[in-house]
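Asks: Just query10.txt, nothing more (compact mmCIF, C-alpha atoms):
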# COMPACT_ATOMS: atom_id res chain seq x y z
CA GLY N 1 -7.45 -8.85 -13.73
CA GLU N 2 -7.56 -5.69 -11.71
CA ASP N 3 -5.18 -2.92 -12.63
CA VAL N 4 -4.56 0.56 -11.32
CA GLU N 5 -2.51 3.00 -13.37
CA GLN N 6 -0.94 6.34 -12.55
CA SER N 7 1.68 8.56 -14.06
CA LEU N 8 5.07 8.19 -12.42
CA PHE N 9 6.08 11.80 -11.86
CA LEU N 10 4.55 15.20 -11.21
CA SER N 11 6.35 18.46 -10.55
CA VAL N 12 4.54 21.56 -9.31
CA ARG N 13 5.50 24.97 -7.99
CA GLU N 14 5.11 25.63 -4.30
CA GLY N 15 1.74 27.24 -3.64
CA ASP N 16 0.12 25.85 -6.78
CA SER N 17 -2.40 23.02 -6.85
CA SER N 18 -1.28 19.48 -7.59
CA VAL N 19 -3.56 17.08 -9.40
CA ILE N 20 -2.64 13.41 -9.40
CA ASN N 21 -4.65 11.16 -11.66
CA CYS N 22 -5.41 7.47 -11.58
CA THR N 23 -7.40 5.00 -13.66
CA TYR N 24 -8.65 1.63 -12.51
CA THR N 25 -10.26 -1.33 -14.17
CA ASP N 26 -12.60 -2.91 -11.64
CA SER N 27 -15.85 -1.07 -12.24
CA SER N 28 -17.42 -2.65 -9.17
CA SER N 29 -14.78 -1.47 -6.71
CA THR N 30 -16.33 -0.38 -3.44
CA TYR N 31 -13.60 1.84 -2.03
CA LEU N 32 -10.86 3.83 -3.66
CA TYR N 33 -7.93 5.17 -1.71
CA TRP N 34 -5.08 7.61 -1.80
CA TYR N 35 -2.01 6.70 0.22
CA LYS N 36 1.08 8.83 0.79
CA GLN N 37 4.59 7.47 1.21
CA GLU N 38 7.25 9.83 2.51
CA PRO N 39 10.93 8.97 2.01
CA GLY N 40 12.03 6.06 4.15
CA ALA N 41 8.56 5.47 5.55
CA GLY N 42 5.62 3.18 5.06
CA LEU N 43 2.38 4.13 3.37
CA GLN N 44 -0.12 6.30 5.16
CA LEU N 45 -3.78 6.54 4.24
CA LEU N 46 -4.56 10.10 3.14
CA THR N 47 -8.17 9.76 2.19
CA TYR N 48 -10.66 7.36 0.66
CA ILE N 49 -13.91 7.60 -1.24
CA PHE N 50 -16.81 5.22 -1.43
CA SER N 51 -17.80 4.29 -4.94
CA ASN N 52 -21.24 5.90 -4.72
CA MET N 53 -19.68 9.33 -4.13
CA ASP N 54 -18.48 11.78 -6.76
CA MET N 55 -16.37 14.01 -4.58
CA LYS N 56 -14.86 14.18 -1.15
CA GLN N 57 -13.10 17.16 0.37
CA ASP N 58 -10.86 17.15 3.39
CA GLN N 59 -9.04 20.40 4.11
CA ARG N 60 -6.51 20.86 1.27
CA LEU N 61 -7.40 17.53 -0.32
CA THR N 62 -10.15 17.00 -2.89
CA VAL N 63 -10.89 13.60 -4.36
CA LEU N 64 -12.94 13.36 -7.54
CA LEU N 65 -14.37 10.08 -8.79
CA ASN N 66 -15.68 9.57 -12.29
CA LYS N 67 -17.12 6.11 -12.11
CA LYS N 68 -18.15 6.04 -15.75
CA ASP N 69 -14.58 6.62 -16.90
CA LYS N 70 -13.05 4.74 -13.92
CA HIS N 71 -10.97 7.79 -13.17
CA LEU N 72 -9.90 9.00 -9.76
CA SER N 73 -8.01 12.19 -8.99
CA LEU N 74 -6.43 13.78 -5.96
CA ARG N 75 -6.10 17.54 -5.83
CA ILE N 76 -3.81 19.10 -3.25
CA ALA N 77 -4.43 22.81 -2.86
CA ASP N 78 -1.61 25.24 -1.96
CA THR N 79 1.06 22.55 -2.35
CA GLN N 80 3.83 22.76 0.24
CA THR N 81 7.32 21.26 0.40
CA GLY N 82 6.02 18.81 2.99
CA ASP N 83 3.76 17.36 0.34
CA SER N 84 6.76 15.91 -1.48
CA ALA N 85 6.15 12.16 -1.47
CA ILE N 86 4.94 9.26 -3.54
CA TYR N 87 1.16 9.09 -3.82
CA PHE N 88 -0.49 5.73 -4.40
CA CYS N 89 -3.95 5.23 -5.78
CA ALA N 90 -5.60 1.97 -4.74
CA GLU N 91 -8.86 0.12 -5.18
CA ARG N 92 -10.47 -2.46 -2.98
CA GLU N 93 -11.55 -5.70 -4.57
CA THR N 94 -15.29 -6.08 -4.46
CA GLY N 95 -17.17 -8.86 -2.79
CA SER N 96 -14.03 -9.69 -0.94
CA SER N 97 -14.07 -10.32 2.73
CA ALA N 98 -10.35 -10.60 2.26
CA SER N 99 -10.04 -6.84 1.76
CA LYS N 100 -7.45 -7.23 -0.95
CA ILE N 101 -6.32 -3.82 -2.14
CA ILE N 102 -4.70 -3.26 -5.51
CA PHE N 103 -2.19 -0.41 -5.62
CA GLY N 104 -1.02 1.68 -8.53
CA SER N 105 2.67 2.20 -9.15
CA GLY N 106 2.68 5.53 -7.35
CA THR N 107 3.19 9.11 -8.52
CA ARG N 108 6.26 10.90 -7.22
CA LEU N 109 5.33 14.50 -6.46
CA SER N 110 8.16 17.00 -6.36
CA ILE N 111 7.81 20.65 -5.39
CA ARG N 112 9.68 23.49 -7.13
CA PRO N 113 10.44 26.63 -5.14
CA ASP X 1 3.77 6.13 14.16
CA SER X 2 1.20 3.71 12.75
CA GLY X 3 1.46 1.25 15.62
CA VAL X 4 2.67 -1.51 13.30
CA THR X 5 6.22 -2.66 13.98
CA GLN X 6 8.54 -4.57 11.70
CA THR X 7 11.90 -6.14 12.37
CA PRO X 8 14.57 -6.00 11.27
CA LYS X 9 14.75 -2.61 9.61
CA HIS X 10 17.52 -3.68 7.26
CA LEU X 11 18.70 -7.11 6.20
CA ILE X 12 21.62 -7.96 3.97
CA THR X 13 22.12 -11.54 2.90
CA ALA X 14 23.44 -13.69 0.08
CA THR X 15 21.74 -15.53 -2.74
CA GLY X 16 20.42 -18.93 -1.76
CA GLN X 17 19.88 -17.96 1.85
CA ARG X 18 16.68 -17.89 3.88
CA VAL X 19 15.41 -15.00 5.99
CA THR X 20 12.46 -14.31 8.25
CA LEU X 21 10.77 -10.93 8.50
CA ARG X 22 8.61 -10.17 11.48
CA CYS X 23 5.57 -7.97 11.90
CA SER X 24 3.54 -6.98 14.95
CA PRO X 25 0.15 -5.49 14.07
CA ARG X 26 -1.55 -2.64 15.85
CA SER X 27 -3.14 -3.62 19.11
CA GLY X 28 -6.54 -5.15 18.38
CA ASP X 29 -6.03 -5.59 14.64
CA LEU X 30 -6.79 -9.10 13.42
CA SER X 31 -5.68 -8.79 9.80
CA VAL X 32 -2.10 -8.69 8.64
CA TYR X 33 -1.00 -8.04 5.05
CA TRP X 34 2.39 -8.39 3.42
CA TYR X 35 3.54 -6.29 0.46
CA GLN X 36 6.70 -6.16 -1.61
CA GLN X 37 7.87 -2.84 -3.02
CA SER X 38 10.55 -2.95 -5.64
CA LEU X 39 11.68 -0.37 -8.18
CA ASP X 40 10.49 -2.26 -11.22
CA GLN X 41 7.33 -3.91 -9.85
CA GLY X 42 5.88 -1.18 -7.66
CA LEU X 43 3.87 -2.21 -4.62
CA GLN X 44 2.72 -5.82 -4.86
CA PHE X 45 0.31 -7.52 -2.49
CA LEU X 46 1.72 -10.82 -1.31
CA ILE X 47 -0.62 -12.37 1.25
CA GLN X 48 -3.18 -11.64 3.95
CA TYR X 49 -3.90 -13.38 7.23
CA TYR X 50 -6.94 -12.87 9.39
CA ASN X 51 -6.93 -14.13 12.97
CA GLY X 52 -4.39 -16.80 12.21
CA GLU X 53 -5.78 -18.04 8.93
CA GLU X 54 -4.72 -17.27 5.39
CA ARG X 55 -7.41 -15.09 3.81
CA ALA X 56 -6.07 -13.91 0.46
CA LYS X 57 -3.08 -14.57 -1.73
CA GLY X 58 -1.52 -12.24 -4.23
CA ASN X 59 1.70 -12.44 -6.21
CA ILE X 60 3.57 -14.51 -3.68
CA LEU X 61 6.27 -16.83 -4.95
CA GLU X 62 6.36 -20.48 -3.87
CA ARG X 63 9.74 -19.76 -2.24
CA PHE X 64 7.95 -17.39 0.11
CA SER X 65 5.63 -18.34 2.93
CA ALA X 66 3.98 -16.61 5.82
CA GLN X 67 2.08 -17.36 8.96
CA GLN X 68 0.19 -15.55 11.68
CA PHE X 69 0.61 -16.73 15.24
CA PRO X 70 -1.95 -16.88 18.08
CA ASP X 71 -0.66 -13.57 19.45
CA LEU X 72 -1.42 -12.16 15.95
CA HIS X 73 2.12 -11.30 15.01
CA SER X 74 3.16 -12.52 11.59
CA GLU X 75 6.31 -13.76 9.92
CA LEU X 76 7.23 -13.76 6.26
CA ASN X 77 9.76 -16.40 5.30
CA LEU X 78 11.79 -15.93 2.14
CA SER X 79 13.95 -18.84 1.00
CA SER X 80 16.38 -19.63 -1.82
CA LEU X 81 16.86 -15.91 -2.15
CA GLU X 82 17.65 -14.39 -5.52
CA LEU X 83 19.04 -10.99 -6.44
CA GLY X 84 15.58 -9.97 -7.64
CA ASP X 85 14.13 -10.46 -4.17
CA SER X 86 15.89 -7.30 -3.03
CA ALA X 87 13.06 -4.95 -2.10
CA LEU X 88 11.22 -3.22 0.69
CA TYR X 89 8.80 -5.54 2.44
CA PHE X 90 5.89 -3.89 4.17
CA CYS X 91 3.47 -5.29 6.65
CA ALA X 92 0.10 -3.66 7.23
CA SER X 93 -2.69 -4.39 9.64
CA SER X 94 -6.38 -3.64 9.86
CA SER X 95 -9.11 -4.41 12.31
CA SER X 96 -11.41 -6.40 10.06
CA GLY X 97 -12.75 -6.68 6.55
CA ALA X 98 -15.70 -4.41 7.24
CA GLY X 99 -16.16 -0.84 6.06
CA HIS X 100 -13.39 0.99 4.33
CA ASN X 101 -10.97 -1.09 6.35
CA GLU X 102 -8.02 1.24 6.60
CA GLN X 103 -4.72 -0.57 6.49
CA PHE X 104 -1.96 0.78 8.70
CA PHE X 105 1.52 0.23 7.33
CA GLY X 106 4.69 -0.54 9.19
CA PRO X 107 7.99 1.18 8.35
CA GLY X 108 9.15 -1.76 6.23
CA THR X 109 12.13 -4.09 6.12
CA ARG X 110 14.70 -3.36 3.45
CA LEU X 111 16.12 -6.63 2.13
CA THR X 112 19.30 -6.59 0.09
CA VAL X 113 20.38 -9.83 -1.55
CA LEU X 114 24.00 -9.83 -2.70
Here is a file; write its structure as structure tokens.

Replies:
Amino acid sequence: GEDVEQSLFLSVREGDSSVINCTYTDSSSTYLYWYKQEPGAGLQLLTYIFSNMDMKQDQRLTVLLNKKDKHLSLRIADTQTGDSAIYFCAERETGSSASKIIFGSGTRLSIRP
Amino acid sequence: DSGVTQTPKHLITATGQRVTLRCSPRSGDLSVYWYQQSLDQGLQFLIQYYNGEERAKGNILERFSAQQFPDLHSELNLSSLELGDSALYFCASSSSGAGHNEQFFGPGTRLTVL
């Protein structure tokens, strides 16, 4: 079945770049997503990438997709304390009008002063 | 504010009981999704409804059921509750299955089973 894996924790210094990595198993996924969950809140879509793209940049966020290795990464430039959250990688099941999305376990990003 | 509302925010109940969680999707969204987030299982997709009909099923237990009403709000019913059912339950909504189909998440209902 489909599976999405991420490391559980990442700690970075304020001002540095954060890189959160994710691997997935469904090679025919159409969309891959990064969601952010702040403490006590629901998930919020940060960005997404279509499977025929290699890279997407949106302000401080850069998403890289290596389809051959089924590897997705999220880079946050100039990491700030407000970036502290859990980041979920997710893939959308292909050929599915049901839009089922499979989430990873989430990476908890903490910022050191 | 995502526009998705969930009630109640917190729920404390005992084993063996039954509870109902409620979700109102964003205005105009036809799809509603239910997820369970627990410490040991991460975020698990439970079930999806689209315009009143069940569209996809994930890791939903037989003790759990859901429905979507004509006004598009949805309810998740959890029965014969066990300690392991304690979790955050999220509802999300989206407009349709087309495109990247962003899902908007509600704030969640925290269920504690004692």

Asks: Write out as a PyMOL selection string the residues lying within 12 Å of region 8-18 of chain X, counting only C-alpha atoms and excluding same-chain residues fewer than 2 positions away.

Replies: (chain N and resi 40-42) or (chain X and resi 5-6+20-24+63-65+75-91+106-114)

Asks: Mind pulling up the distance from CA of Asp78 (chain N) to CA of Ser110 (chain N)?

Replies: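 Here the two named atoms are 13.5 Å from each other.
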
Asks: With a cut-off of 10 Å, could you pull out the residues of chain N touching chain X and give me the nearest pair of atoms for each, distance in Å to one decimal, using all atoms listed in the file, ordered by chain and ascending number, as CSV?

Replies:
residue,atom,partner,partner_atom,distance
N:Thr30,CA,X:His100,CA,8.4
N:Tyr31,CA,X:His100,CA,6.4
N:Leu32,CA,X:His100,CA,8.8
N:Tyr33,CA,X:His100,CA,9.2
N:Tyr35,CA,X:Gln103,CA,10.0
N:Gln37,CA,X:Phe105,CA,10.0
N:Gly40,CA,X:Pro107,CA,7.6
N:Ala41,CA,X:Pro107,CA,5.2
N:Gly42,CA,X:Pro107,CA,4.5
N:Leu43,CA,X:Phe105,CA,5.6
N:Gln44,CA,X:Phe105,CA,6.7
N:Leu45,CA,X:Glu102,CA,7.2
N:Thr47,CA,X:Glu102,CA,9.6
N:Tyr48,CA,X:His100,CA,7.8
N:Ile49,CA,X:His100,CA,8.7
N:Phe50,CA,X:His100,CA,7.9
N:Phe88,CA,X:Leu43,CA,9.1
N:Arg92,CA,X:His100,CA,8.6
N:Ser96,CA,X:Gly97,CA,8.2
N:Ser97,CA,X:Gly97,CA,5.4
N:Ala98,CA,X:Arg55,CA,5.6
N:Ser99,CA,X:Gly97,CA,5.5
N:Lys100,CA,X:Ala56,CA,7.0
N:Ile101,CA,X:Phe45,CA,7.6
N:Ile102,CA,X:Phe45,CA,7.2
N:Phe103,CA,X:Leu43,CA,6.4
N:Gly104,CA,X:Leu43,CA,7.4
N:Ser105,CA,X:Gly42,CA,4.9
N:Gly106,CA,X:Gly42,CA,7.4

Asks: Find the smallest box with edges along x, y and z containing every listed atom of region 18-23 of chain N, then add 4 Å on each side and report centre and edge lengths in Å to one decimal, as lines of an AutoDock Vina configuration file.

Replies:
center_x = -4.3
center_y = 12.2
center_z = -10.6
size_x = 14.1
size_y = 22.5
size_z = 14.1

Asks: Could you tell me how far CA of Leu74 (chain N) sits from CA of Ser29 (chain N), in Å to one decimal place?

Replies: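 These atoms are spaced 17.4 Å apart.
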
Asks: How many Å separate CA of Ser95 (chain X) from CA of Ile86 (chain N)?

Replies: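 Between CA of Ser95 (chain X) and CA of Ile86 (chain N) the gap is 25.2 Å.
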